[in-house]
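S.K.: Before anything else, here's the structure in question.
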There are 2 protein chains.
Amino acid sequence: MSKPPVWYELLKRDADTMARLGRLHTPHGIIETPVFMPVGTQATVKTMDPWELVELGAGIILANTYHLHLRPGEDLVARGGGLHKFMSWPGSLLTDSGGFQVFSLADLRKISEDGVQFRSHLDGSPQFFTPERVMEIENALGADIIMAFDECPPYPAEPAYLQTSLRRTLAWAQRCKKAHHQTEVRSLFGIVQGGTDPALRREAADSLVDMDFPGYAVGGLSVGEPKPLMYETLSYTTPRLPADKPRYLMGVGAPDDLFEGVERGIDMFDCVLPTRIARNGTVLTSRGKLVIRNATYGEDWRPLDEQCDCKVCRSFSRAYIRHLLKAGEVLGIRLTTYHNVYFLFHLMKNIRVALEQGTFALYKQEFYRQYGYNGGNAGEDV
Amino acid sequence: MSKPPVWYELLKRDADTMARLGRLHTPHGIIETPVFMPVGTQATVKTMDPWELVELGAGIILANTYHLHLRPGEDLVARGGGLHKFMSWPGSLLTDSGGFQVFSLADLRKISEDGVQFRSHLDGSPQFFTPERVMEIENALGADIIMAFDECPPYPAEPAYLQTSLRRTLAWAQRCKKAHHQTEVRSLFGIVQGGTDPALRREAADSLVDMDFPGYAVGGLSVGEPKPLMYETLSYTTPRLPADKPRYLMGVGAPDDLFEGVERGIDMFDCVLPTRIARNGTVLTSRGKLVIRNATYGEDWRPLDEQCDCKVCRSFSRAYIRHLLKAGEVLGIRLTTYHNVYFLFHLMKNIRVALEQGTFALYKQEFYRQYGYNGGNAGEDV
């Protein structure tokens, strides 16, 4: 059987955990996994240009179907040659299905078996997303990996609702698979839902595996549930997914979640965290988060992270970056964004090296100690 | 006599005009003149990082004394090692004197012979600028070229007021010269004022030349007077300035003003124009300005300027940049800013090449024809 446009190559399994080292092959390059994917909601990773992303070693980035459908519209992007050409991005792209945004951003939504009616958060215009429509939109946008249209239930949710929702998501996944143009340039991933209910998650995973997608996402986590519950859910979900297919944990990207996700067999992560907190003036460092806007950094001549060798940390002081942020200068949020993305890329690279060398547990322990997880100062600044 | 920290090397005079080709030697590098200097008001050229400025070939940029005094304060910058180190800028720097901002931005100003009392536009705090105080501030900031504290009268102004104002500016220039620390790393330039009155301009130029500054600026132009009057004023002012010193036309940088200024013997220009209009979504092109935000560019797949070879024009379409601007994405104003600064740098480079080859008049004619000056479409979009 010939390989699909996007396929996973398993290189090594960790001896003690479900962690794995691998490669994601796409029409726009080969990506070492586990990988963190920055989010480029409106066809741009906020504040960054493509050259910076290449410089940082970004192999794959996300774009949001919901946002691009509303503005500038998938037809315009398609007439411009597709998303890669439109945004001048040489690497790989993944579009989400819009499901999450329909349920979190859009107004006045009405769900039926057929799809979701909602109003644009931009101009109130009426919209109707069905699995077939979303496949049309994602295929027009033209990412390497496109996601099936799903419903993302909140936490907590009633068991009966979770069950109804999952049945619908599975039916939609089937319709997406049928509607997806079987091109040689795009792969459609299925999304495992089911909240934090073990039986539903297992049913979701098994049903999607039966449908035979080239990759699987775990969705509906990091939506308000306690972290241990997210990790537990992963622990019983990923083992049901095939070892020869990539596994993607959607919307998750805090440093500890990366370690815990990798440990539970996840290969791909995406999250707005590093870029969003950067714009609020918060940076990730080896010793935890720093709210660089705070007065305490007004005359701090050290780099954002004393252990970081990114070009921002090699060139600028906390005092200068704080000045830029206070003065409302764009360069301020550019520098914090660049550093935060570098930080997560560097962390992921270290995780891959540790997996290669069989020192994952050791590296995790050392990172947690320094960062201040487990009773330390992690996050107390934010 | 030993050379001052900043000195001018005259390379060639144009045969038909007052235009000249030269080099500005500073402690942070040698700058080919005529030169356009981008403005970095708050210790950053808005939206740009230092690497981009180096990539574009920027040799010297401005910073604003008024703004940096108010935030973060010159003492903080000095404790951080001075402006070059603070903002990680390897090239040359020039600080203005704050005179223009005190008269255009600050609230409740009260002018006396001693100086100007005003309130900060940021927090209303009372401030008092004297020539001596401004020298302290500029020396603390530590640019390569610092400007004397002057009064910049509006246009039109009463003859009697212009005369009083000029006497004060000349007295202040003398006091600045006396107060300026004669370091080996900074040069103080005098500023010729006098509105559009030929007698006052001549008096100003002659008096400042008597004081023997290492460089001279022409200030108080482009403040509302008709362009022909600005050019006429330059025509009788620059000939009175010494040929072996650099001449700087302050706050002027529209393409036609660069040609007309160079033709009248100006070596240095600065202006917020390219960066400010970029943030409003307007770009400079070989065929005039384009308001790229306009709906007409929604599906325009051409680069901003079809004759430009900057990296923005080699990579992105008008349609994509318009999408970014409409969506409020930072990358949009980054790309328009980069292109506009490149455009003026490229224009200045072409002017220098034309001066070298003796084809300045021809190049000017061809640029004006294409840009749409002289009855064309120049600027009609804005």
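Starting from 1 in every chain, residues are counted up; chains themselves are A, B, ... following the order of the structure tokens, and ligands are numbered from 1 as listed.
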Tell me the residues of chain A close to chain B, meaning within 10 Å using only C-alpha atoms, as number ranges by chain.
M.R.: A: 42-50, 67-68, 71-72, 76-77, 79-81, 85-89, 298-301, 314-317, 319-324, 326-335
S.K.: Residues of range 77-189 of chain B that have any atom at most 7 Å from an atom of range 14-34 of chain B: could you tabulate them with the shortest-distance atom pair and the distance in Å to one decimal, using only C-alpha atoms, ordered by chain and increasing number, as JSON lines?
M.R.:
{"residue": "B:Pro90", "atom": "CA", "partner": "B:His28", "partner_atom": "CA", "distance": 6.9}
{"residue": "B:Gly91", "atom": "CA", "partner": "B:His28", "partner_atom": "CA", "distance": 5.3}
{"residue": "B:Ser92", "atom": "CA", "partner": "B:His28", "partner_atom": "CA", "distance": 4.9}
{"residue": "B:Asp144", "atom": "CA", "partner": "B:Thr26", "partner_atom": "CA", "distance": 6.6}
{"residue": "B:Val185", "atom": "CA", "partner": "B:Pro27", "partner_atom": "CA", "distance": 6.4}
S.K.: What parts of range 57-154 of chain B does DSSP call alpha helix (DSSP H)? I'd like the answer as a PyMOL selection string.
M.R.: chain B and resi 65-70+74-79+83-86+99-104+131-141
S.K.: Write out as a PyMOL selection string each polymer residue whose atoms come within 8 Å of Ser286 in chain A, counting only C-alpha atoms; drop sequence neighbours fewer than 2 positions from it.
M.R.: chain A and resi 284+288+305+307-308+367+370-371
S.K.: Could you dump the residues just selected with N, CA, C and O atoms as a PDB file, in the first residue's frame?
M.R.:
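The result, stored in selection18.pdb:
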ATOM      1  N   LEU A 284       8.660  32.801  29.251  1.00  0.00           N
ATOM      2  CA  LEU A 284       9.019  31.507  29.806  1.00  0.00           C
ATOM      3  C   LEU A 284      10.527  31.488  29.999  1.00  0.00           C
ATOM      4  O   LEU A 284      11.272  31.898  29.113  1.00  0.00           O
ATOM      5  N   GLY A 288      11.112  29.366  35.436  1.00  0.00           N
ATOM      6  CA  GLY A 288       9.699  29.688  35.551  1.00  0.00           C
ATOM      7  C   GLY A 288       9.333  30.932  34.773  1.00  0.00           C
ATOM      8  O   GLY A 288      10.183  31.538  34.123  1.00  0.00           O
ATOM      9  N   ASP A 305      16.180  35.153  29.921  1.00  0.00           N
ATOM     10  CA  ASP A 305      16.513  33.880  30.566  1.00  0.00           C
ATOM     11  C   ASP A 305      18.024  33.744  30.530  1.00  0.00           C
ATOM     12  O   ASP A 305      18.623  33.687  29.459  1.00  0.00           O
ATOM     13  N   GLN A 307      19.844  31.335  30.975  1.00  0.00           N
ATOM     14  CA  GLN A 307      20.355  30.085  30.392  1.00  0.00           C
ATOM     15  C   GLN A 307      20.013  29.950  28.910  1.00  0.00           C
ATOM     16  O   GLN A 307      20.283  28.929  28.297  1.00  0.00           O
ATOM     17  N   CYS A 308      19.388  30.987  28.347  1.00  0.00           N
ATOM     18  CA  CYS A 308      18.914  30.901  26.968  1.00  0.00           C
ATOM     19  C   CYS A 308      19.935  31.506  26.008  1.00  0.00           C
ATOM     20  O   CYS A 308      20.551  32.523  26.314  1.00  0.00           O
ATOM     21  N   PHE A 367      14.482  19.603  34.648  1.00  0.00           N
ATOM     22  CA  PHE A 367      13.712  20.750  34.161  1.00  0.00           C
ATOM     23  C   PHE A 367      12.689  21.186  35.216  1.00  0.00           C
ATOM     24  O   PHE A 367      12.573  22.370  35.548  1.00  0.00           O
ATOM     25  N   GLN A 370      14.353  23.022  38.216  1.00  0.00           N
ATOM     26  CA  GLN A 370      14.761  24.390  37.903  1.00  0.00           C
ATOM     27  C   GLN A 370      13.564  25.303  37.666  1.00  0.00           C
ATOM     28  O   GLN A 370      13.540  26.443  38.088  1.00  0.00           O
ATOM     29  N   TYR A 371      12.587  24.788  36.911  1.00  0.00           N
ATOM     30  CA  TYR A 371      11.437  25.613  36.533  1.00  0.00           C
ATOM     31  C   TYR A 371      10.591  25.945  37.755  1.00  0.00           C
ATOM     32  O   TYR A 371       9.922  26.966  37.811  1.00  0.00           O
TER      33      TYR A 371
END
S.K.: As a list in words, please: the residues near Glu366 in chain A (cut-off 12 Å, only C-alpha atoms, same-chain neighbours under 6 positions excluded).
M.R.: Phe259, Ser286, Arg287, Asn350, Ile351, Ala354, Thr359, Phe360, Gly372, Tyr373 and Asn374 of chain A
S.K.: Could you save those same residues with all heavy atoms as an mmCIF file, in the first residue's frame?
M.R.:
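Generated output (result05.cif):
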data_model
loop_
_atom_site.group_PDB
_atom_site.id
_atom_site.type_symbol
_atom_site.label_atom_id
_atom_site.label_comp_id
_atom_site.auth_asym_id
_atom_site.auth_seq_id
_atom_site.Cartn_x
_atom_site.Cartn_y
_atom_site.Cartn_z
ATOM 1 N N PHE A 259 5.941 17.658 28.644
ATOM 2 C CA PHE A 259 6.580 16.471 29.226
ATOM 3 C C PHE A 259 5.558 15.357 29.461
ATOM 4 O O PHE A 259 5.780 14.204 29.088
ATOM 5 C CB PHE A 259 7.261 16.822 30.558
ATOM 6 C CG PHE A 259 8.592 17.495 30.414
ATOM 7 C CD1 PHE A 259 8.712 18.874 30.526
ATOM 8 C CD2 PHE A 259 9.736 16.756 30.162
ATOM 9 C CE1 PHE A 259 9.943 19.501 30.401
ATOM 10 C CE2 PHE A 259 10.976 17.373 30.032
ATOM 11 C CZ PHE A 259 11.079 18.754 30.158
ATOM 12 N N SER A 286 13.982 29.240 32.115
ATOM 13 C CA SER A 286 14.407 27.997 32.771
ATOM 14 C C SER A 286 13.998 27.956 34.230
ATOM 15 O O SER A 286 13.918 26.896 34.834
ATOM 16 C CB SER A 286 15.929 27.870 32.713
ATOM 17 O OG SER A 286 16.394 28.173 31.430
ATOM 18 N N ARG A 287 13.761 29.155 34.799
ATOM 19 C CA ARG A 287 13.400 29.203 36.211
ATOM 20 C C ARG A 287 11.950 29.642 36.423
ATOM 21 O O ARG A 287 11.609 30.240 37.442
ATOM 22 C CB ARG A 287 14.364 30.117 36.975
ATOM 23 C CG ARG A 287 15.798 29.602 36.895
ATOM 24 C CD ARG A 287 16.717 30.234 37.891
ATOM 25 N NE ARG A 287 18.043 29.625 37.842
ATOM 26 C CZ ARG A 287 18.409 28.538 38.534
ATOM 27 N NH1 ARG A 287 17.573 27.953 39.357
ATOM 28 N NH2 ARG A 287 19.629 28.058 38.405
ATOM 29 N N ASN A 350 15.424 19.376 23.371
ATOM 30 C CA ASN A 350 16.060 18.689 24.491
ATOM 31 C C ASN A 350 15.330 17.390 24.831
ATOM 32 O O ASN A 350 15.959 16.392 25.198
ATOM 33 C CB ASN A 350 16.100 19.602 25.727
ATOM 34 C CG ASN A 350 17.186 20.659 25.615
ATOM 35 O OD1 ASN A 350 18.084 20.540 24.781
ATOM 36 N ND2 ASN A 350 17.103 21.697 26.425
ATOM 37 N N ILE A 351 14.006 17.423 24.724
ATOM 38 C CA ILE A 351 13.228 16.207 24.978
ATOM 39 C C ILE A 351 13.592 15.140 23.947
ATOM 40 O O ILE A 351 13.806 13.968 24.287
ATOM 41 C CB ILE A 351 11.705 16.511 24.963
ATOM 42 C CG1 ILE A 351 11.296 17.259 26.239
ATOM 43 C CG2 ILE A 351 10.894 15.229 24.785
ATOM 44 C CD1 ILE A 351 9.818 17.631 26.318
ATOM 45 N N ALA A 354 16.965 13.766 24.738
ATOM 46 C CA ALA A 354 16.879 12.897 25.918
ATOM 47 C C ALA A 354 16.277 11.549 25.548
ATOM 48 O O ALA A 354 16.729 10.498 26.031
ATOM 49 C CB ALA A 354 16.065 13.579 27.017
ATOM 50 N N THR A 359 17.566 9.383 28.356
ATOM 51 C CA THR A 359 17.666 10.134 29.613
ATOM 52 C C THR A 359 16.438 11.015 29.844
ATOM 53 O O THR A 359 16.520 12.058 30.500
ATOM 54 C CB THR A 359 18.922 11.030 29.598
ATOM 55 O OG1 THR A 359 18.860 11.878 28.434
ATOM 56 C CG2 THR A 359 20.198 10.211 29.542
ATOM 57 N N PHE A 360 15.296 10.615 29.292
ATOM 58 C CA PHE A 360 14.097 11.446 29.374
ATOM 59 C C PHE A 360 13.679 11.737 30.819
ATOM 60 O O PHE A 360 13.423 12.890 31.185
ATOM 61 C CB PHE A 360 12.949 10.773 28.605
ATOM 62 C CG PHE A 360 11.650 11.526 28.684
ATOM 63 C CD1 PHE A 360 11.457 12.685 27.954
ATOM 64 C CD2 PHE A 360 10.614 11.070 29.502
ATOM 65 C CE1 PHE A 360 10.250 13.384 28.028
ATOM 66 C CE2 PHE A 360 9.408 11.767 29.583
ATOM 67 C CZ PHE A 360 9.226 12.929 28.847
ATOM 68 N N GLY A 372 10.656 25.054 38.746
ATOM 69 C CA GLY A 372 9.915 25.312 39.970
ATOM 70 C C GLY A 372 8.614 24.546 40.056
ATOM 71 O O GLY A 372 7.765 24.826 40.893
ATOM 72 N N TYR A 373 8.433 23.536 39.148
ATOM 73 C CA TYR A 373 7.253 22.683 39.292
ATOM 74 C C TYR A 373 7.441 21.867 40.560
ATOM 75 O O TYR A 373 8.543 21.719 41.069
ATOM 76 C CB TYR A 373 7.134 21.730 38.091
ATOM 77 C CG TYR A 373 6.608 22.396 36.831
ATOM 78 C CD1 TYR A 373 7.257 22.209 35.618
ATOM 79 C CD2 TYR A 373 5.449 23.178 36.835
ATOM 80 C CE1 TYR A 373 6.779 22.785 34.439
ATOM 81 C CE2 TYR A 373 4.967 23.764 35.678
ATOM 82 C CZ TYR A 373 5.636 23.559 34.484
ATOM 83 O OH TYR A 373 5.169 24.125 33.339
ATOM 84 N N ASN A 374 6.373 21.308 41.070
ATOM 85 C CA ASN A 374 6.392 20.534 42.310
ATOM 86 C C ASN A 374 6.746 21.418 43.505
ATOM 87 O O ASN A 374 7.812 21.310 44.085
ATOM 88 C CB ASN A 374 7.421 19.377 42.248
ATOM 89 C CG ASN A 374 7.205 18.488 41.046
ATOM 90 O OD1 ASN A 374 6.066 18.310 40.620
ATOM 91 N ND2 ASN A 374 8.284 17.947 40.515
#
S.K.: So which residues touch Ser112 in chain A within 10 Å, counting only C-alpha atoms, skipping near sequence neighbours fewer than 4 positions away, as a PyMOL selection string?
M.R.: chain A and resi 116-117+130+168
S.K.: Which polymer residues have any atom within 9 Å of an atom of Gly115 in chain A, counting only C-alpha atoms, with same-chain residues fewer than 2 positions away left out, as a list in words?
M.R.: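 In the requested format, the answer is Lys110, Ile111, Ser112, Glu113, Gln117, Phe128, Phe129, Thr130, Pro131 and Trp172 of chain A.
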S.K.: Identify all residues of range 144-343 of chain A in strand (DSSP E or B) (DSSP on the backbone) and supply them as a PyMOL selection string.
M.R.: chain A and resi 145-147+187-192+216-218+247-249+268-270+282-285+288-291
S.K.: How far is it from CA of Val6 in chain B to CA of Asp257 in chain B, in Å with one decimal?
M.R.: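 Those two atoms sit 25.0 Å apart.
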S.K.: Using only C-alpha atoms, which residues sit within 10 Å of Gly220 in chain A once same-chain residues fewer than 3 positions away are excluded, as a ChimeraX atom specification?
M.R.: /A:100,150-155,191-196,217,223-225,230,249-251
